[in-house]
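Structure data follow from query_11.cif (mmCIF, C-alpha atoms and all ligand atoms):
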```cif
data_input
#
loop_
_atom_site.label_atom_id
_atom_site.label_comp_id
_atom_site.auth_asym_id
_atom_site.auth_seq_id
_atom_site.Cartn_x
_atom_site.Cartn_y
_atom_site.Cartn_z
CA MET A 1 20.18 -17.65 -5.52
CA LYS A 2 18.59 -21.07 -4.94
CA GLY A 3 14.89 -21.79 -4.91
CA GLN A 4 12.96 -24.80 -3.73
CA ILE A 5 10.27 -26.78 -5.52
CA ALA A 6 8.01 -29.57 -4.27
CA VAL A 7 8.04 -32.54 -6.62
CA MET A 8 5.66 -35.48 -6.67
CA THR A 9 7.76 -38.56 -7.50
CA GLU A 10 4.68 -40.78 -7.73
CA PRO A 11 1.09 -40.33 -6.49
CA GLY A 12 1.18 -39.90 -2.71
CA LYS A 13 4.94 -39.27 -2.54
CA LEU A 14 6.58 -35.88 -2.37
CA THR A 15 10.14 -34.66 -2.26
CA TYR A 16 11.80 -31.24 -2.45
CA GLN A 17 14.42 -30.18 -4.95
CA GLU A 18 16.63 -27.11 -5.13
CA TYR A 19 17.61 -25.24 -8.25
CA THR A 20 19.33 -21.98 -9.01
CA VAL A 21 16.64 -19.42 -9.77
CA PRO A 22 17.23 -18.55 -13.43
CA ASP A 23 17.24 -15.10 -14.98
CA PRO A 24 14.06 -14.36 -16.92
CA GLU A 25 14.28 -14.28 -20.71
CA PRO A 26 12.99 -11.13 -22.42
CA GLY A 27 9.23 -10.84 -21.76
CA ALA A 28 9.29 -13.29 -18.84
CA ILE A 29 9.13 -12.77 -15.09
CA ILE A 30 10.67 -14.47 -12.07
CA ALA A 31 8.08 -14.33 -9.32
CA ARG A 32 8.39 -15.24 -5.66
CA ILE A 33 5.34 -17.21 -4.50
CA LEU A 34 3.37 -15.80 -1.55
CA ARG A 35 0.73 -18.50 -1.29
CA SER A 36 -0.58 -21.33 -3.40
CA ASN A 37 -3.83 -23.22 -2.84
CA VAL A 38 -4.52 -26.93 -3.00
CA CYS A 39 -7.10 -27.20 -5.77
CA GLY A 40 -9.25 -30.23 -6.53
CA THR A 41 -6.95 -30.92 -9.47
CA GLU A 42 -3.94 -31.32 -7.18
CA VAL A 43 -5.87 -33.70 -4.90
CA HIS A 44 -6.88 -35.67 -7.98
CA ILE A 45 -3.25 -35.94 -9.13
CA TRP A 46 -1.97 -36.69 -5.61
CA CYS A 47 -4.43 -39.57 -5.25
CA GLY A 48 -3.34 -41.07 -8.59
CA HIS A 49 -6.70 -40.44 -10.32
CA HIS A 50 -5.38 -38.16 -13.03
CA PRO A 51 -5.31 -39.88 -16.45
CA ALA A 52 -1.95 -38.39 -17.53
CA LYS A 53 -0.05 -36.66 -14.75
CA ARG A 54 1.79 -39.16 -12.50
CA SER A 55 4.74 -37.05 -11.30
CA GLY A 56 6.33 -33.60 -11.34
CA GLY A 57 5.58 -30.20 -9.89
CA LEU A 58 2.17 -29.31 -8.49
CA GLY A 59 0.25 -26.11 -7.85
CA HIS A 60 -1.42 -23.46 -10.01
CA GLU A 61 -3.68 -21.29 -7.81
CA THR A 62 -1.32 -18.67 -6.63
CA VAL A 63 -0.42 -15.09 -5.83
CA ALA A 64 3.18 -13.97 -6.15
CA VAL A 65 5.53 -10.99 -6.02
CA VAL A 66 7.64 -9.86 -8.97
CA GLU A 67 11.24 -10.68 -8.11
CA LYS A 68 12.82 -9.94 -11.48
CA LEU A 69 11.40 -8.57 -14.73
CA GLY A 70 12.72 -9.84 -18.05
CA ALA A 71 13.85 -7.28 -20.61
CA GLY A 72 10.95 -5.32 -22.06
CA VAL A 73 8.42 -6.07 -19.30
CA THR A 74 7.18 -2.67 -18.13
CA HIS A 75 3.41 -3.24 -17.98
CA ASP A 76 1.04 -6.09 -17.21
CA PHE A 77 -1.39 -7.50 -19.81
CA ALA A 78 -3.93 -4.79 -18.98
CA GLY A 79 -1.43 -1.98 -19.53
CA GLN A 80 -0.81 -1.23 -15.86
CA PRO A 81 2.80 -0.28 -15.02
CA ILE A 82 4.61 -3.11 -13.25
CA LYS A 83 7.78 -3.09 -11.17
CA GLU A 84 9.75 -5.45 -8.99
CA GLY A 85 7.98 -5.97 -5.66
CA ASP A 86 4.46 -5.70 -7.13
CA ARG A 87 1.96 -8.45 -6.32
CA ILE A 88 0.74 -10.29 -9.40
CA VAL A 89 -1.50 -13.14 -10.49
CA SER A 90 -0.89 -15.06 -13.70
CA THR A 91 -2.65 -17.63 -15.82
CA TYR A 92 -1.06 -21.04 -15.27
CA PHE A 93 -1.69 -21.93 -18.93
CA ILE A 94 -0.79 -20.09 -22.12
CA HIS A 95 -2.55 -18.87 -25.22
CA CYS A 96 -0.08 -19.73 -28.01
CA ARG A 97 -1.99 -17.56 -30.52
CA ARG A 98 -0.89 -19.90 -33.32
CA CYS A 99 -2.97 -23.08 -33.00
CA TYR A 100 -6.36 -23.44 -34.70
CA PRO A 101 -8.57 -22.66 -31.65
CA CYS A 102 -6.41 -19.58 -30.93
CA GLN A 103 -6.79 -18.47 -34.55
CA LYS A 104 -10.54 -18.77 -34.11
CA GLY A 105 -10.38 -16.59 -31.01
CA GLN A 106 -11.16 -19.54 -28.72
CA PHE A 107 -8.05 -18.95 -26.63
CA TYR A 108 -9.39 -20.98 -23.70
CA LEU A 109 -9.19 -24.07 -25.89
CA CYS A 110 -5.57 -23.49 -26.96
CA ASP A 111 -3.93 -26.76 -28.07
CA ASN A 112 -0.73 -25.72 -26.31
CA ALA A 113 -2.30 -24.47 -23.05
CA TYR A 114 -0.06 -26.67 -20.88
CA ARG A 115 3.19 -26.26 -22.80
CA PHE A 116 4.96 -25.20 -19.60
CA TRP A 117 2.74 -25.98 -16.62
CA GLY A 118 3.88 -28.82 -14.41
CA LEU A 119 6.88 -29.85 -16.54
CA GLN A 120 9.43 -31.96 -14.70
CA PRO A 121 11.56 -29.67 -12.52
CA GLU A 122 14.83 -30.89 -14.04
CA VAL A 123 13.68 -29.27 -17.31
CA ASP A 124 14.97 -25.71 -17.57
CA PRO A 125 13.82 -23.16 -16.24
CA HIS A 126 12.79 -25.55 -13.41
CA PHE A 127 10.07 -23.47 -11.73
CA HIS A 128 7.03 -24.64 -13.71
CA ALA A 129 4.54 -25.10 -10.87
CA THR A 130 3.61 -23.08 -7.82
CA PHE A 131 4.19 -25.38 -4.82
CA ALA A 132 7.60 -23.76 -4.84
CA THR A 133 9.42 -20.67 -3.65
CA HIS A 134 9.58 -19.25 -7.18
CA TRP A 135 7.64 -19.36 -10.43
CA TYR A 136 8.89 -18.76 -13.95
CA ILE A 137 6.20 -16.80 -15.78
CA HIS A 138 6.74 -17.22 -19.52
CA PRO A 139 6.13 -14.41 -22.02
CA GLU A 140 2.95 -16.17 -23.23
CA GLN A 141 1.39 -16.30 -19.74
CA MET A 142 -0.99 -13.40 -19.06
CA PHE A 143 -0.26 -11.73 -15.75
CA TYR A 144 -1.93 -8.86 -13.90
CA LYS A 145 -1.16 -6.60 -10.99
CA VAL A 146 -3.21 -7.37 -7.86
CA PRO A 147 -5.22 -4.34 -6.66
CA ASP A 148 -4.01 -3.07 -3.26
CA ASN A 149 -7.33 -3.78 -1.54
CA VAL A 150 -7.44 -7.44 -2.62
CA SER A 151 -5.99 -9.87 -0.06
CA ASP A 152 -3.45 -12.57 -0.89
CA GLN A 153 -6.11 -15.14 0.01
CA ALA A 154 -8.70 -13.82 -2.44
CA ALA A 155 -6.14 -13.22 -5.20
CA ALA A 156 -4.67 -16.72 -4.94
CA SER A 157 -8.03 -18.33 -5.65
CA ALA A 158 -8.85 -16.16 -8.66
CA ASN A 159 -6.77 -17.83 -11.36
CA CYS A 160 -8.76 -21.03 -11.18
CA ALA A 161 -12.35 -21.21 -9.91
CA GLN A 162 -13.35 -17.57 -10.08
CA SER A 163 -12.06 -16.73 -13.56
CA GLN A 164 -13.44 -19.99 -14.89
CA VAL A 165 -17.02 -19.49 -13.70
CA TYR A 166 -16.92 -15.80 -14.62
CA PHE A 167 -15.96 -16.84 -18.14
CA GLY A 168 -18.58 -19.61 -18.25
CA LEU A 169 -21.34 -17.23 -17.15
CA ASP A 170 -20.34 -14.65 -19.77
CA LEU A 171 -20.20 -17.32 -22.49
CA SER A 172 -23.73 -18.34 -21.59
CA GLY A 173 -25.05 -14.80 -22.06
CA ILE A 174 -26.84 -14.63 -18.70
CA THR A 175 -28.01 -11.15 -17.85
CA TYR A 176 -30.02 -9.00 -15.44
CA GLY A 177 -33.26 -10.60 -14.30
CA ASP A 178 -32.43 -14.13 -15.48
CA SER A 179 -32.80 -17.03 -13.09
CA LEU A 180 -29.84 -19.34 -12.51
CA VAL A 181 -29.73 -22.68 -10.73
CA ILE A 182 -26.25 -23.61 -9.53
CA GLN A 183 -25.74 -27.30 -8.82
CA GLY A 184 -22.99 -27.62 -6.22
CA ALA A 185 -21.91 -25.09 -3.57
CA GLY A 186 -18.19 -25.83 -3.76
CA GLY A 187 -15.53 -23.32 -4.79
CA LEU A 188 -16.85 -22.98 -8.34
CA GLY A 189 -20.47 -22.72 -7.22
CA LEU A 190 -19.85 -20.08 -4.56
CA ASN A 191 -17.81 -17.92 -6.93
CA ALA A 192 -20.50 -18.30 -9.58
CA ALA A 193 -23.20 -17.26 -7.08
CA ALA A 194 -21.40 -14.01 -6.22
CA ILE A 195 -20.73 -13.11 -9.86
CA ALA A 196 -24.25 -13.98 -11.03
CA HIS A 197 -25.67 -12.00 -8.09
CA GLU A 198 -23.69 -8.94 -9.18
CA LYS A 199 -24.93 -9.43 -12.74
CA GLY A 200 -28.45 -9.09 -11.38
CA ALA A 201 -29.50 -12.72 -11.80
CA GLU A 202 -31.78 -14.59 -9.40
CA VAL A 203 -29.55 -17.29 -7.90
CA ILE A 204 -30.85 -20.67 -6.70
CA MET A 205 -28.24 -22.96 -5.13
CA VAL A 206 -28.69 -26.75 -4.89
CA ASP A 207 -26.46 -28.83 -2.60
CA ALA A 208 -26.61 -31.78 -0.21
CA VAL A 209 -24.70 -30.20 2.67
CA PRO A 210 -26.65 -27.73 4.86
CA LEU A 211 -23.48 -25.88 5.89
CA ARG A 212 -22.56 -25.27 2.29
CA LEU A 213 -26.02 -23.90 1.58
CA GLU A 214 -25.61 -21.46 4.50
CA GLU A 215 -22.33 -20.39 2.95
CA ALA A 216 -24.02 -20.02 -0.44
CA LYS A 217 -26.35 -17.39 1.06
CA LYS A 218 -23.30 -15.38 2.11
CA PHE A 219 -22.08 -15.61 -1.48
CA GLY A 220 -25.25 -14.14 -2.92
CA ALA A 221 -27.63 -17.08 -3.38
CA HIS A 222 -31.22 -15.79 -3.14
CA HIS A 223 -32.71 -19.26 -2.62
CA THR A 224 -31.32 -22.63 -1.61
CA ILE A 225 -32.63 -26.12 -2.28
CA SER A 226 -31.41 -28.75 0.14
CA MET A 227 -31.01 -32.26 -1.26
CA ALA A 228 -31.67 -33.55 2.26
CA ASP A 229 -35.12 -31.93 2.26
CA HIS A 230 -35.67 -32.80 -1.42
CA PRO A 231 -34.23 -36.31 -1.73
CA THR A 232 -35.50 -37.10 -5.24
CA VAL A 233 -34.82 -35.54 -8.64
CA GLU A 234 -38.55 -34.90 -9.02
CA ALA A 235 -38.72 -33.04 -5.70
CA ARG A 236 -35.78 -30.82 -6.64
CA VAL A 237 -37.15 -30.07 -10.12
CA GLU A 238 -40.47 -29.24 -8.49
CA ALA A 239 -38.70 -26.89 -6.06
CA VAL A 240 -36.97 -25.09 -8.96
CA ASN A 241 -40.27 -24.78 -10.81
CA LYS A 242 -41.90 -23.27 -7.74
CA LEU A 243 -39.24 -20.55 -7.68
CA THR A 244 -39.41 -19.83 -11.42
CA GLY A 245 -43.11 -19.39 -12.17
CA GLY A 246 -43.51 -23.08 -13.04
CA ARG A 247 -41.24 -22.72 -16.10
CA GLY A 248 -37.84 -23.89 -14.91
CA ALA A 249 -34.74 -21.72 -14.73
CA ASP A 250 -33.38 -19.62 -17.60
CA TYR A 251 -29.94 -21.07 -16.86
CA VAL A 252 -28.63 -24.07 -14.93
CA MET A 253 -24.94 -24.34 -14.12
CA GLU A 254 -23.52 -27.75 -13.28
CA VAL A 255 -20.47 -27.43 -11.04
CA ALA A 256 -21.19 -30.39 -8.78
CA GLY A 257 -18.74 -32.67 -10.58
CA VAL A 258 -21.22 -35.52 -10.24
CA LEU A 259 -22.43 -37.25 -13.41
CA GLU A 260 -26.06 -37.43 -12.25
CA ALA A 261 -26.20 -33.66 -11.95
CA PHE A 262 -26.19 -33.18 -15.74
CA PRO A 263 -29.43 -34.97 -16.67
CA GLU A 264 -31.01 -33.59 -13.49
CA GLY A 265 -29.97 -30.06 -14.41
CA MET A 266 -31.48 -30.51 -17.88
CA LYS A 267 -34.84 -31.06 -16.21
CA MET A 268 -34.45 -27.79 -14.29
CA VAL A 269 -33.90 -25.64 -17.40
CA ARG A 270 -36.94 -23.93 -18.91
CA ALA A 271 -37.82 -24.57 -22.57
CA GLY A 272 -35.43 -22.42 -24.61
CA GLY A 273 -33.02 -22.03 -21.71
CA LYS A 274 -29.38 -22.96 -21.34
CA MET A 275 -27.39 -25.58 -19.49
CA ILE A 276 -23.87 -24.52 -18.50
CA SER A 277 -21.82 -27.68 -18.07
CA MET A 278 -18.51 -27.14 -16.26
CA GLY A 279 -18.19 -29.51 -13.33
CA THR A 280 -17.61 -32.85 -15.00
CA VAL A 281 -14.12 -32.89 -16.45
CA THR A 282 -12.85 -36.48 -16.21
CA PRO A 283 -13.37 -38.20 -19.58
CA GLY A 284 -14.63 -41.73 -19.98
CA LYS A 285 -17.46 -41.68 -17.45
CA THR A 286 -20.92 -41.85 -18.94
CA ILE A 287 -24.54 -41.59 -17.90
CA PRO A 288 -27.77 -42.14 -19.86
CA TYR A 289 -29.03 -38.90 -21.37
CA ASP A 290 -32.07 -38.25 -23.54
CA PRO A 291 -31.08 -36.04 -26.51
CA ALA A 292 -34.68 -35.74 -27.71
CA TYR A 293 -35.62 -34.10 -24.42
CA SER A 294 -33.25 -31.16 -25.01
CA VAL A 295 -34.12 -30.97 -28.73
CA ARG A 296 -37.84 -30.82 -28.07
CA ARG A 297 -37.38 -28.21 -25.37
CA GLY A 298 -34.77 -26.21 -27.29
CA ILE A 299 -32.17 -26.40 -24.55
CA THR A 300 -28.66 -25.27 -25.48
CA THR A 301 -25.62 -26.64 -23.65
CA VAL A 302 -22.71 -24.28 -23.05
CA THR A 303 -19.40 -25.69 -21.84
CA ALA A 304 -16.38 -23.89 -20.44
CA LEU A 305 -12.94 -25.23 -19.61
CA ARG A 306 -10.27 -22.85 -18.26
CA TYR A 307 -10.92 -19.26 -19.45
CA ASN A 308 -9.67 -16.54 -21.76
CA GLY A 309 -6.73 -14.83 -20.02
CA PRO A 310 -8.30 -11.38 -19.55
CA TYR A 311 -10.86 -12.96 -17.21
CA LEU A 312 -8.13 -13.03 -14.59
CA LYS A 313 -8.08 -9.23 -14.77
CA LYS A 314 -11.88 -9.15 -14.60
CA SER A 315 -11.67 -11.31 -11.46
CA MET A 316 -9.23 -8.86 -9.87
CA ASP A 317 -11.60 -6.00 -10.68
CA PHE A 318 -14.53 -7.98 -9.28
CA LEU A 319 -12.72 -8.72 -6.02
CA SER A 320 -11.62 -5.11 -5.67
CA ALA A 321 -15.06 -3.64 -6.40
CA ASN A 322 -16.87 -6.07 -4.08
CA LYS A 323 -14.35 -6.00 -1.23
CA GLY A 324 -16.03 -7.02 2.02
CA LYS A 325 -19.30 -7.98 0.36
CA TYR A 326 -18.60 -11.69 0.05
CA PRO A 327 -16.36 -13.73 2.39
CA PHE A 328 -13.78 -14.77 -0.23
CA ASP A 329 -10.94 -14.89 2.30
CA ALA A 330 -12.87 -17.50 4.30
CA LEU A 331 -12.84 -19.96 1.39
CA LEU A 332 -9.32 -20.89 2.48
CA ASP A 333 -9.80 -22.60 5.81
CA LYS A 334 -6.27 -23.80 6.66
CA ASP A 335 -2.75 -22.58 5.95
CA PHE A 336 0.25 -24.92 5.76
CA LYS A 337 3.96 -24.13 5.70
CA MET A 338 5.94 -25.27 2.68
CA ASP A 339 7.46 -28.27 4.50
CA ARG A 340 3.94 -29.57 5.23
CA ILE A 341 2.59 -29.88 1.69
CA VAL A 342 2.03 -33.63 2.20
CA ASP A 343 -0.28 -32.86 5.14
CA ALA A 344 -2.07 -30.22 3.09
CA LEU A 345 -2.69 -32.72 0.29
CA ASP A 346 -3.63 -35.59 2.61
CA GLU A 347 -6.02 -33.48 4.69
CA SER A 348 -7.60 -32.14 1.50
CA ALA A 349 -7.99 -35.66 0.11
CA ALA A 350 -9.59 -36.78 3.40
CA ARG A 351 -11.87 -33.70 3.23
CA LYS A 352 -10.64 -32.54 6.63
CA VAL A 353 -10.08 -29.15 5.04
CA LYS A 354 -12.09 -27.47 2.30
CA ARG A 355 -9.36 -25.39 0.73
CA ALA A 356 -5.84 -25.72 2.03
CA SER A 357 -3.28 -23.07 1.18
CA ILE A 358 0.51 -23.31 1.22
CA VAL A 359 2.18 -20.19 2.56
CA MET A 360 5.73 -19.81 1.29
CA PRO A 361 8.63 -18.59 3.42
CA LYS A 362 9.31 -14.86 3.06
ZN ZN B 1 -7.52 -25.02 -9.62
ZN ZN B 2 -3.13 -21.87 -29.09
#
```

Render the structure in this file as structure tokens.
Ligand SMILES: [Zn+2]
Ligand SMILES: [Zn+2]
Amino acid sequence: MKGQIAVMTEPGKLTYQEYTVPDPEPGAIIARILRSNVCGTEVHIWCGHHPAKRSGGLGHETVAVVEKLGAGVTHDFAGQPIKEGDRIVSTYFIHCRRCYPCQKGQFYLCDNAYRFWGLQPEVDPHFHATFATHWYIHPEQMFYKVPDNVSDQAAASANCAQSQVYFGLDLSGITYGDSLVIQGAGGLGLNAAAIAHEKGAEVIMVDAVPLRLEEAKKFGAHHTISMADHPTVEARVEAVNKLTGGRGADYVMEVAGVLEAFPEGMKMVRAGGKMISMGTVTPGKTIPYDPAYSVRRGITTVTALRYNGPYLKKSMDFLSANKGKYPFDALLDKDFKMDRIVDALDESAARKVKRASIVMPK
């Protein structure tokens, strides 16, 4: 059987290649892709802004069906029985369990996280990325069965934004009754709002776009601060203070991806509180920052990149338990067929769509 994979030959240029779908090695899975979203990372790569990746396969936010199980695969990584035809989600990275961060239990920082993801398609077993008909899930990738009541749309988005913010919030230690400012009502921010809401936190969302703030309310934000109504840093800090007894928030999460948000967020944290820094991921861009300010106020910074694999299972459980409560399906606003991936990427880059999704042929 042949499968098809979309390949970026250089930024802005895409072609399709065909390969024989390989048999899975023991412990691996051949999955057939149902849908795969265009994430900010893909747009970044497509536009030529990524520091390292200039060509190859694209796609990592996906939901798939088990086509063929490798020898010995009888259960998913949470111990649930798995068979051909089951819907699954999988981490796009691996935990090698042998590098130093893995030995320290910091699996999310694994040195070999991207050993397989996005390799050139000519490299065996070809199906390394998810803008493709098939996906080779290696034995080291953690995969989980998708609960029956979770839609393809919601499941596809879970292995990036949702698991990442879930993990970041847990790392921070936020709990019932804490206040949380979220800077940026994009995919990460909206997912974080819903999860923090369910944890019993008081959620304050800051964003510049009124429509996104309306959406944030549907995702569990208790309060919103519009940057249009509060055009200065001082005004926004003041607005946070007003909502937090004059102290500042217990936690601030930066998922705006804008450098200025970090020092601004620092001013919104109460003395002794925590800053969760997740949105700024491109190295080499700097902004003035006053270390003495955070020392004198005892502010801790927590960072989170990717997540520990079991968070993908926690995301599935979250989506299943909160079915219908938050409009997760609506985060994907436009579907594209596999032969229109260029349009999906271009329209995403031009911000004509928020979250495009590629639906693979059945
Ligand atoms: Zn992503
Ligand atoms: Zn490792």

Exercise. Output the neighbourhood of ligand ZN 2 (chain B) as a ChimeraX atom specification, that is, all protein and nucleic acid residues with some atom at most 7 Å from the ligand, counting all atoms listed in the file.
Key: /A:95-102,107,110-113

Quiz item: When the cut-off is 7 Å and you count all atoms listed in the file, which residues lie near ligand ZN 1 (chain B), shown as a PyMOL selection string?
Solution: chain A and resi 39-41+60-61+160-161

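Neighbouring residues of A:Ala71 at 10 Å or closer, counting all atoms listed in the file and skipping chain neighbours under 4 positions away, are A:Pro24, A:Glu25, A:Pro26, A:Gly27, A:Ala28, A:Ile29.
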
Where does stretch 247-343 of chain A meet stretch 213-235 of chain A within 8 Å, residue by residue, with the nearest atom pair and distance in Å to one decimal for each, counting only C-alpha atoms, listed by chain and rising number, as CSV?
```
residue,atom,partner,partner_atom,distance
A:Glu264,CA,A:Val233,CA,6.5
A:Tyr326,CA,A:Phe219,CA,5.5
A:Pro327,CA,A:Lys218,CA,7.1
```

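Taking all atoms listed in the file, the non-local environment of stretch 298-306 of chain A within 9 Å (same-chain residues fewer than 4 positions away omitted) comprises A:Phe93, A:Tyr108, A:Leu109, A:Cys160, A:Ala161, A:Ser163, A:Gln164, A:Val165, A:Phe167, A:Gly168, A:Leu169, A:Leu171, A:Ser172, A:Met266, A:Val269, A:Arg270, A:Ala271, A:Gly272, A:Gly273, A:Lys274, A:Met275, A:Ile276, A:Ser277, A:Met278, A:Val281, A:Tyr293, A:Ser294.
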
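Atom CA of A:His44 is positioned 25.7 Å from atom CA of A:His138.
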
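Counting from atom CA of A:Glu254, the distance to atom CA of A:Thr280 is 8.0 Å.
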
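Of the listed residues A:Ala193, A:Pro283, A:Asn159, A:Gly309, the one whose atoms come nearest to A:Ala52 is A:Pro283, with distances taken using all atoms listed in the file.
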
Centre and edge lengths of an axis-aligned box around all listed atoms of stretch 341-360 of chain A, with 4 Å added on each side, are to be given in Å to one decimal, as JSON.
```
{"center_x": -3.2, "center_y": -28.3, "center_z": 3.4, "size_x": 25.8, "size_y": 25.0, "size_z": 14.5}
```

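One finds atom CA of A:Met268 at 8.5 Å from atom CA of A:Tyr251.
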
Exercise. Using only C-alpha atoms, find the one residue out of A:Gln153, A:Gln141, A:Asn191, A:Thr130 that sits nearest to A:Arg115.
Key: A:Gln141

Exercise. Within 8 Å of A:Tyr166, counting only C-alpha atoms, which residues show up once you throw out same-chain ones fewer than 5 positions away? Write them as a ChimeraX atom specification, please.
Key: /A:192,195,311,315
